[in-house]
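A.B. asks: query-v5.cif is reproduced below (mmCIF, C-alpha atoms).
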data_work
#
loop_
_atom_site.group_PDB
_atom_site.id
_atom_site.type_symbol
_atom_site.label_atom_id
_atom_site.label_comp_id
_atom_site.auth_asym_id
_atom_site.auth_seq_id
_atom_site.Cartn_x
_atom_site.Cartn_y
_atom_site.Cartn_z
ATOM 1 C CA MET P 1 -25.226 -1.032 -22.564
ATOM 2 C CA GLU P 2 -27.508 -1.269 -25.607
ATOM 3 C CA THR P 3 -29.263 1.305 -27.723
ATOM 4 C CA LEU P 4 -32.671 0.897 -29.274
ATOM 5 C CA VAL P 5 -32.670 1.571 -33.023
ATOM 6 C CA LEU P 6 -35.983 1.871 -34.860
ATOM 7 C CA GLY P 7 -35.947 0.821 -38.481
ATOM 8 C CA CYS P 8 -38.323 -0.285 -41.236
ATOM 9 C CA GLY P 9 -38.507 -3.861 -40.013
ATOM 10 C CA GLY P 10 -39.032 -3.058 -36.354
ATOM 11 C CA THR P 11 -36.687 -2.462 -33.471
ATOM 12 C CA VAL P 12 -33.157 -3.726 -33.178
ATOM 13 C CA LEU P 13 -30.925 -3.604 -30.117
ATOM 14 C CA VAL P 14 -27.441 -2.521 -31.072
ATOM 15 C CA PRO P 15 -24.628 -2.789 -28.518
ATOM 16 C CA VAL P 16 -22.892 0.472 -27.788
ATOM 17 C CA LEU P 17 -19.238 0.305 -26.815
ATOM 18 C CA SER P 18 -18.484 2.148 -23.649
ATOM 19 C CA ARG P 19 -16.220 5.109 -23.964
ATOM 20 C CA PRO P 20 -12.718 4.694 -22.571
ATOM 21 C CA GLN P 21 -12.206 6.409 -19.249
ATOM 22 C CA GLU P 22 -10.243 9.600 -19.137
ATOM 23 C CA PRO P 23 -6.704 9.120 -17.836
ATOM 24 C CA SER P 24 -6.378 9.914 -14.157
ATOM 25 C CA LEU P 25 -3.569 10.292 -11.676
ATOM 26 C CA TYR P 26 -5.752 8.597 -9.046
ATOM 27 C CA THR P 27 -4.716 5.020 -9.790
ATOM 28 C CA VAL P 28 -4.597 3.349 -6.367
ATOM 29 C CA LYS P 29 -7.832 2.732 -4.478
ATOM 30 C CA ALA P 30 -6.279 0.959 -1.475
ATOM 31 C CA ILE P 31 -3.164 -0.630 -0.011
ATOM 32 C CA ILE P 32 -3.787 -3.527 2.339
ATOM 33 C CA ILE P 33 -1.502 -5.847 4.323
ATOM 34 C CA LEU P 34 -3.067 -8.961 5.856
ATOM 35 C CA ASP P 35 -1.588 -11.662 8.069
ATOM 36 C CA ASN P 36 -1.768 -15.393 7.267
ATOM 37 C CA ASP P 37 -5.221 -15.601 8.908
ATOM 38 C CA GLY P 38 -6.621 -12.835 6.707
ATOM 39 C CA GLU P 39 -6.675 -10.281 9.517
ATOM 40 C CA ARG P 40 -5.819 -6.662 8.794
ATOM 41 C CA LEU P 41 -2.392 -5.431 9.831
ATOM 42 C CA PHE P 42 -2.512 -2.300 7.700
ATOM 43 C CA ALA P 43 -5.117 -0.802 5.388
ATOM 44 C CA LYS P 44 -5.315 2.553 3.717
ATOM 45 C CA TYR P 45 -8.266 3.323 1.429
ATOM 46 C CA TYR P 46 -8.028 6.298 -0.904
ATOM 47 C CA ASP P 47 -11.651 6.558 -2.001
ATOM 48 C CA ASP P 48 -15.108 5.726 -0.670
ATOM 49 C CA THR P 49 -15.672 2.450 -2.540
ATOM 50 C CA TYR P 50 -15.942 0.816 0.894
ATOM 51 C CA PRO P 51 -16.925 3.656 3.243
ATOM 52 C CA SER P 52 -17.462 1.719 6.477
ATOM 53 C CA VAL P 53 -14.977 -0.398 8.413
ATOM 54 C CA LYS P 54 -17.436 -3.305 8.243
ATOM 55 C CA GLU P 55 -17.488 -3.165 4.423
ATOM 56 C CA GLN P 56 -13.700 -2.828 4.320
ATOM 57 C CA ARG P 57 -13.214 -5.889 6.555
ATOM 58 C CA ALA P 58 -15.630 -7.937 4.435
ATOM 59 C CA PHE P 59 -13.748 -6.903 1.285
ATOM 60 C CA GLU P 60 -10.412 -7.800 2.910
ATOM 61 C CA LYS P 61 -11.737 -11.257 3.911
ATOM 62 C CA ASN P 62 -12.964 -11.714 0.341
ATOM 63 C CA ILE P 63 -9.509 -10.797 -1.011
ATOM 64 C CA PHE P 64 -7.822 -13.217 1.381
ATOM 65 C CA ASN P 65 -10.208 -16.076 0.558
ATOM 66 C CA LYS P 66 -9.657 -15.593 -3.164
ATOM 67 C CA THR P 67 -5.879 -15.072 -3.111
ATOM 68 C CA HIS P 68 -4.276 -16.998 -0.235
ATOM 69 C CA ARG P 69 -4.204 -20.326 -2.109
ATOM 70 C CA SER P 70 -3.542 -18.917 -5.547
ATOM 71 C CA ASP P 71 -0.222 -18.828 -7.366
ATOM 72 C CA SER P 72 -1.161 -15.898 -9.574
ATOM 73 C CA GLU P 73 -0.428 -12.297 -8.653
ATOM 74 C CA ILE P 74 -3.478 -10.528 -10.095
ATOM 75 C CA ALA P 75 -7.177 -10.979 -9.325
ATOM 76 C CA LEU P 76 -10.373 -9.239 -10.391
ATOM 77 C CA LEU P 77 -12.702 -8.912 -7.434
ATOM 78 C CA ASP P 78 -15.886 -6.870 -6.997
ATOM 79 C CA GLY P 79 -15.077 -4.851 -10.112
ATOM 80 C CA LEU P 80 -11.582 -4.013 -8.849
ATOM 81 C CA THR P 81 -8.104 -5.110 -9.883
ATOM 82 C CA VAL P 82 -6.106 -6.596 -7.011
ATOM 83 C CA VAL P 83 -2.372 -7.240 -7.312
ATOM 84 C CA TYR P 84 -0.797 -9.078 -4.414
ATOM 85 C CA LYS P 85 2.336 -10.700 -3.123
ATOM 86 C CA SER P 86 2.866 -12.959 -0.138
ATOM 87 C CA SER P 87 5.843 -13.431 2.138
ATOM 88 C CA ILE P 88 6.067 -15.917 5.003
ATOM 89 C CA ASP P 89 2.973 -14.731 6.913
ATOM 90 C CA LEU P 90 2.043 -11.481 5.143
ATOM 91 C CA TYR P 91 -0.130 -10.689 2.130
ATOM 92 C CA CYS P 92 0.496 -7.282 0.551
ATOM 93 C CA CYS P 93 -2.245 -6.037 -1.795
ATOM 94 C CA VAL P 94 -2.617 -2.976 -3.985
ATOM 95 C CA ILE P 95 -6.099 -2.303 -5.355
ATOM 96 C CA GLY P 96 -7.127 -0.263 -8.381
ATOM 97 C CA SER P 97 -10.176 0.015 -10.614
ATOM 98 C CA ALA P 98 -11.018 -2.758 -13.085
ATOM 99 C CA THR P 99 -9.751 -0.569 -15.938
ATOM 100 C CA GLN P 100 -6.471 0.252 -14.198
ATOM 101 C CA ASN P 101 -3.200 -0.865 -15.726
ATOM 102 C CA GLU P 102 -1.973 -3.886 -13.759
ATOM 103 C CA LEU P 103 1.651 -2.934 -14.444
ATOM 104 C CA MET P 104 1.210 0.382 -12.647
ATOM 105 C CA LEU P 105 -0.341 -1.345 -9.648
ATOM 106 C CA THR P 106 2.389 -3.994 -9.690
ATOM 107 C CA ALA P 107 5.044 -1.257 -9.698
ATOM 108 C CA VAL P 108 3.489 0.180 -6.522
ATOM 109 C CA LEU P 109 3.309 -3.283 -4.933
ATOM 110 C CA ASN P 110 6.930 -4.080 -5.788
ATOM 111 C CA CYS P 111 8.102 -0.704 -4.496
ATOM 112 C CA LEU P 112 6.252 -1.227 -1.205
ATOM 113 C CA PHE P 113 7.496 -4.794 -0.807
ATOM 114 C CA ASP P 114 11.121 -3.965 -1.711
ATOM 115 C CA SER P 115 11.081 -0.909 0.580
ATOM 116 C CA LEU P 116 9.804 -3.024 3.455
ATOM 117 C CA SER P 117 12.400 -5.671 2.685
ATOM 118 C CA GLN P 118 15.198 -3.093 2.937
ATOM 119 C CA MET P 119 13.789 -1.408 6.036
ATOM 120 C CA LEU P 120 13.225 -4.753 7.790
ATOM 121 C CA ARG P 121 16.587 -6.133 6.629
ATOM 122 C CA LYS P 122 14.994 -8.796 4.394
ATOM 123 C CA ASN P 123 12.893 -10.014 7.319
ATOM 124 C CA VAL P 124 9.456 -9.269 5.819
ATOM 125 C CA GLU P 125 7.210 -11.034 8.297
ATOM 126 C CA ARG P 126 4.391 -10.151 10.663
ATOM 127 C CA ARG P 127 6.400 -9.649 13.858
ATOM 128 C CA ALA P 128 9.073 -7.471 12.231
ATOM 129 C CA LEU P 129 6.390 -5.402 10.506
ATOM 130 C CA LEU P 130 4.466 -4.856 13.741
ATOM 131 C CA ASP P 131 7.686 -3.706 15.426
ATOM 132 C CA ASN P 132 8.257 -1.161 12.639
ATOM 133 C CA MET P 133 4.766 0.115 11.824
ATOM 134 C CA GLU P 134 5.895 3.761 11.773
ATOM 135 C CA GLY P 135 8.275 2.900 8.929
ATOM 136 C CA LEU P 136 5.435 1.229 7.046
ATOM 137 C CA PHE P 137 3.213 4.308 7.457
ATOM 138 C CA LEU P 138 5.988 6.595 6.227
ATOM 139 C CA ALA P 139 6.814 4.301 3.285
ATOM 140 C CA VAL P 140 3.193 4.110 2.132
ATOM 141 C CA ASP P 141 2.905 7.907 2.380
ATOM 142 C CA GLU P 142 6.050 8.277 0.254
ATOM 143 C CA ILE P 143 4.781 5.851 -2.401
ATOM 144 C CA VAL P 144 1.125 6.921 -2.709
ATOM 145 C CA ASP P 145 -0.677 10.100 -1.665
ATOM 146 C CA GLY P 146 -4.440 10.245 -1.967
ATOM 147 C CA GLY P 147 -4.384 7.489 -4.608
ATOM 148 C CA VAL P 148 -1.721 9.219 -6.720
ATOM 149 C CA ILE P 149 1.522 7.325 -7.255
ATOM 150 C CA LEU P 150 4.430 9.498 -6.102
ATOM 151 C CA GLU P 151 7.390 7.111 -6.119
ATOM 152 C CA SER P 152 8.216 3.670 -7.495
ATOM 153 C CA ASP P 153 11.913 3.477 -6.575
ATOM 154 C CA PRO P 154 12.398 1.598 -3.282
ATOM 155 C CA GLN P 155 15.837 3.188 -2.736
ATOM 156 C CA GLN P 156 14.296 6.662 -2.768
ATOM 157 C CA VAL P 157 11.482 5.567 -0.454
ATOM 158 C CA VAL P 158 13.875 4.043 2.094
ATOM 159 C CA HIS P 159 16.082 7.154 1.959
ATOM 160 C CA ARG P 160 13.125 9.498 2.501
ATOM 161 C CA VAL P 161 11.738 7.352 5.328
ATOM 162 C CA ALA P 162 15.141 7.440 7.041
ATOM 163 C CA VAL P 163 15.318 11.231 6.699
ATOM 164 C CA ARG P 164 11.737 11.712 7.936
ATOM 165 C CA GLY P 165 12.390 9.325 10.823
ATOM 166 C CA GLU P 166 15.292 11.496 11.994
ATOM 167 C CA ASP P 167 13.195 14.667 11.969
ATOM 168 C CA VAL P 168 10.988 13.617 14.889
ATOM 169 C CA PRO P 169 10.091 16.611 17.105
ATOM 170 C CA LEU P 170 11.650 16.614 20.569
ATOM 171 C CA THR P 171 8.255 16.166 22.227
ATOM 172 C CA GLU P 172 7.653 12.907 20.323
ATOM 173 C CA GLN P 173 11.084 11.364 20.912
ATOM 174 C CA THR P 174 11.715 8.629 23.440
ATOM 175 C CA VAL P 175 14.066 9.220 26.369
ATOM 176 C CA SER P 176 16.735 7.030 24.745
ATOM 177 C CA GLN P 177 16.493 9.039 21.505
ATOM 178 C CA VAL P 178 16.910 12.313 23.404
ATOM 179 C CA LEU P 179 19.901 10.926 25.367
ATOM 180 C CA GLN P 180 21.510 9.619 22.188
ATOM 181 C CA ALA P 181 21.098 13.004 20.480
ATOM 182 C CA ALA P 182 22.572 14.735 23.558
ATOM 183 C CA LYS P 183 25.576 12.354 23.549
ATOM 184 C CA GLU P 184 26.179 13.108 19.880
ATOM 185 C CA GLN P 185 26.052 16.873 20.487
ATOM 186 C CA ILE P 186 28.446 16.634 23.455
ATOM 187 C CA LYS P 187 30.831 14.440 21.456
ATOM 188 C CA TRP P 188 30.927 16.900 18.574
ATOM 189 C CA SER P 189 31.344 19.900 20.878
ATOM 190 C CA LEU P 190 34.314 18.214 22.584
ATOM 191 C CA LEU P 191 35.962 17.389 19.243
ATOM 192 C CA ARG P 192 35.982 21.048 18.121
#
Please lay out the structure from this file as structure tokens.
C.D. replies:
Amino acid sequence: METLVLGCGGTVLVPVLSRPQEPSLYTVKAIIILDNDGERLFAKYYDDTYPSVKEQRAFEKNIFNKTHRSDSEIALLDGLTVVYKSSIDLYCCVIGSATQNELMLTAVLNCLFDSLSQMLRKNVERRALLDNMEGLFLAVDEIVDGGVILESDPQQVVHRVAVRGEDVPLTEQTVSQVLQAAKEQIKWSLLR
């Protein structure tokens, strides 16, 4: 941005430095997990930078094309900061604004990746993730809410996911879960 300054000798364009943005709790714009073909396995957008699914998919393809052959862990893309990590056949990405601190975004990425690693017993790959999508949803909700970072300790995330997973209402439990809970109650009532 430039400002026009009128002086005795004519006009001069003087660059104006942009003001630093106000600090904000809303640091994460999106969390995306892609497979090794660049297809979406999980995506959660926290603002309307890409309002339609078509725009989101195009952005995700762009991320994959730029990052899948790169050894670095940070990319600037479409005015956004993208931190990413790959494992076997997954690409985990955390997106923030161009002015966002990469260390904060990397802390979120590492927390997500380490939480998944613990929940999937170090088997962080496409098939295991698809078999445990509910754990992924719970973990992401524990780490980030509405773009605000809530937790960066994977131990806490895994603990909270385990507790929330146990509190499933009776109507949403499978038959085997209900039978297992009934067995446990009978066992404890007999031991009294």
A.B. asks: For the file shown, what are the residues hit by the PyMOL selection byres ((chain P and resi 143) around 12), laid out as a ChimeraX atom specification?
C.D. replies: /P:28,31,94,105,107-116,136-142,144-158,160-161
A.B. asks: Name every residue that the PyMOL selection byres ((chain P and resi 75) around 10) selects in this structure, writing the answer as a ChimeraX atom specification with chains first and numbers rising.
C.D. replies: /P:63,66-67,70,72-74,76-78,80-84,95,98,102
A.B. asks: What residues come out when you apply the PyMOL selection byres ((chain P and resi 90) around 7) to this file, written as a list in words?
C.D. replies: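 With the PyMOL selection byres ((chain P and resi 90) around 7) on this model, the match is Ile33, Leu34, Asp35, Asn36, Ser86, Ser87, Ile88, Asp89, Tyr91, Cys92, Glu125 and Arg126 of chain P.
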A.B. asks: Rounded to one decimal, what separation in Å do you get between atom CA of Tyr46 of chain P and atom CA of Ala30 of chain P?
C.D. replies: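 According to the coordinates, atom CA of Tyr46 of chain P and atom CA of Ala30 of chain P are separated by 5.6 Å.
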A.B. asks: To one decimal place, how far is atom CA of Met104 of chain P from atom CA of Ile32 of chain P in Å?
C.D. replies: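 Answer for the atom CA of Met104 of chain P to atom CA of Ile32 of chain P separation: 16.3 Å.
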A.B. asks: Between P:Tyr45, P:Gly38, P:Gly79, P:Ile186, single out the one closest to Asn62 of chain P, counting all atoms listed in the file.
C.D. replies: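 Counting all atoms listed in the file, the residue closest to Asn62 of chain P is P:Gly38.
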A.B. asks: Between atom CA of Val163 of chain P and atom CA of Asp47 of chain P, what is the distance, to one decimal in Å?
C.D. replies: 28.7 Å
A.B. asks: Could you check the closest approach to Ala162 of chain P for each of P:Val53, P:Met119, P:Cys93, P:Ala181 and tell me which residue wins, using all atoms listed in the file?
C.D. replies: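 The closest residue to Ala162 of chain P is P:Met119.
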A.B. asks: Quick one: of P:Asn132, P:Arg127, P:Glu39, P:Gln118, who's nearest to His159 of chain P, counting all atoms listed in the file?
C.D. replies: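 Closest to His159 of chain P of all the choices is P:Gln118.
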A.B. asks: So for segment 116-120 of chain P, what box centre and size do we get, axis-aligned, 8 Å extra on each of the six sides, every listed atom, Å to one decimal, as AutoDock Vina command-line options?
C.D. replies:
--center_x 12.5 --center_y -3.5 --center_z 5.2 --size_x 21.4 --size_y 20.3 --size_z 21.1
A.B. asks: Would you kindly place N, CA, C and O atoms on segment 84-100 of chain P and return the model as a JSON list (two decimals), keeping the file's coordinate frame?
C.D. replies:
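Saved file result.json follows:
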[["chain", "number", "residue", "atom", "x", "y", "z"],
["P", 84, "TYR", "N", -1.21, -8.69, -5.76],
["P", 84, "TYR", "CA", -0.80, -9.08, -4.41],
["P", 84, "TYR", "C", 0.47, -9.91, -4.45],
["P", 84, "TYR", "O", 0.84, -10.48, -5.47],
["P", 85, "LYS", "N", 1.10, -9.95, -3.31],
["P", 85, "LYS", "CA", 2.34, -10.70, -3.12],
["P", 85, "LYS", "C", 2.34, -11.19, -1.69],
["P", 85, "LYS", "O", 1.95, -10.47, -0.78],
["P", 86, "SER", "N", 2.81, -12.43, -1.49],
["P", 86, "SER", "CA", 2.87, -12.96, -0.14],
["P", 86, "SER", "C", 4.30, -13.23, 0.27],
["P", 86, "SER", "O", 5.17, -13.48, -0.57],
["P", 87, "SER", "N", 4.53, -13.16, 1.57],
["P", 87, "SER", "CA", 5.84, -13.43, 2.14],
["P", 87, "SER", "C", 5.65, -14.02, 3.52],
["P", 87, "SER", "O", 5.01, -13.38, 4.36],
["P", 88, "ILE", "N", 6.14, -15.19, 3.74],
["P", 88, "ILE", "CA", 6.07, -15.92, 5.00],
["P", 88, "ILE", "C", 4.64, -15.86, 5.57],
["P", 88, "ILE", "O", 3.84, -16.74, 5.30],
["P", 89, "ASP", "N", 4.30, -14.82, 6.32],
["P", 89, "ASP", "CA", 2.97, -14.73, 6.91],
["P", 89, "ASP", "C", 2.30, -13.38, 6.65],
["P", 89, "ASP", "O", 1.47, -12.93, 7.43],
["P", 90, "LEU", "N", 2.66, -12.75, 5.53],
["P", 90, "LEU", "CA", 2.04, -11.48, 5.14],
["P", 90, "LEU", "C", 1.51, -11.56, 3.71],
["P", 90, "LEU", "O", 2.09, -12.24, 2.86],
["P", 91, "TYR", "N", 0.41, -10.85, 3.47],
["P", 91, "TYR", "CA", -0.13, -10.69, 2.13],
["P", 91, "TYR", "C", -0.25, -9.20, 1.86],
["P", 91, "TYR", "O", -1.04, -8.51, 2.52],
["P", 92, "CYS", "N", 0.54, -8.69, 0.92],
["P", 92, "CYS", "CA", 0.50, -7.28, 0.55],
["P", 92, "CYS", "C", -0.37, -7.15, -0.69],
["P", 92, "CYS", "O", -0.16, -7.87, -1.68],
["P", 93, "CYS", "N", -1.32, -6.23, -0.68],
["P", 93, "CYS", "CA", -2.24, -6.04, -1.80],
["P", 93, "CYS", "C", -2.32, -4.56, -2.17],
["P", 93, "CYS", "O", -2.35, -3.70, -1.30],
["P", 94, "VAL", "N", -2.37, -4.31, -3.47],
["P", 94, "VAL", "CA", -2.62, -2.98, -3.98],
["P", 94, "VAL", "C", -3.84, -3.09, -4.87],
["P", 94, "VAL", "O", -3.91, -3.96, -5.75],
["P", 95, "ILE", "N", -4.83, -2.22, -4.66],
["P", 95, "ILE", "CA", -6.10, -2.30, -5.36],
["P", 95, "ILE", "C", -6.29, -1.08, -6.23],
["P", 95, "ILE", "O", -6.00, 0.04, -5.83],
["P", 96, "GLY", "N", -6.79, -1.33, -7.44],
["P", 96, "GLY", "CA", -7.13, -0.26, -8.38],
["P", 96, "GLY", "C", -8.45, -0.59, -9.05],
["P", 96, "GLY", "O", -9.04, -1.66, -8.81],
["P", 97, "SER", "N", -8.92, 0.27, -9.91],
["P", 97, "SER", "CA", -10.18, 0.02, -10.61],
["P", 97, "SER", "C", -9.98, -1.11, -11.62],
["P", 97, "SER", "O", -8.86, -1.49, -11.95],
["P", 98, "ALA", "N", -11.08, -1.65, -12.12],
["P", 98, "ALA", "CA", -11.02, -2.76, -13.08],
["P", 98, "ALA", "C", -10.33, -2.34, -14.39],
["P", 98, "ALA", "O", -9.75, -3.17, -15.08],
["P", 99, "THR", "N", -10.37, -1.05, -14.70],
["P", 99, "THR", "CA", -9.75, -0.57, -15.94],
["P", 99, "THR", "C", -8.32, -0.12, -15.73],
["P", 99, "THR", "O", -7.66, 0.31, -16.67],
["P", 100, "GLN", "N", -7.82, -0.22, -14.50],
["P", 100, "GLN", "CA", -6.47, 0.25, -14.20],
["P", 100, "GLN", "C", -5.42, -0.69, -14.77],
["P", 100, "GLN", "O", -5.60, -1.89, -14.82]]
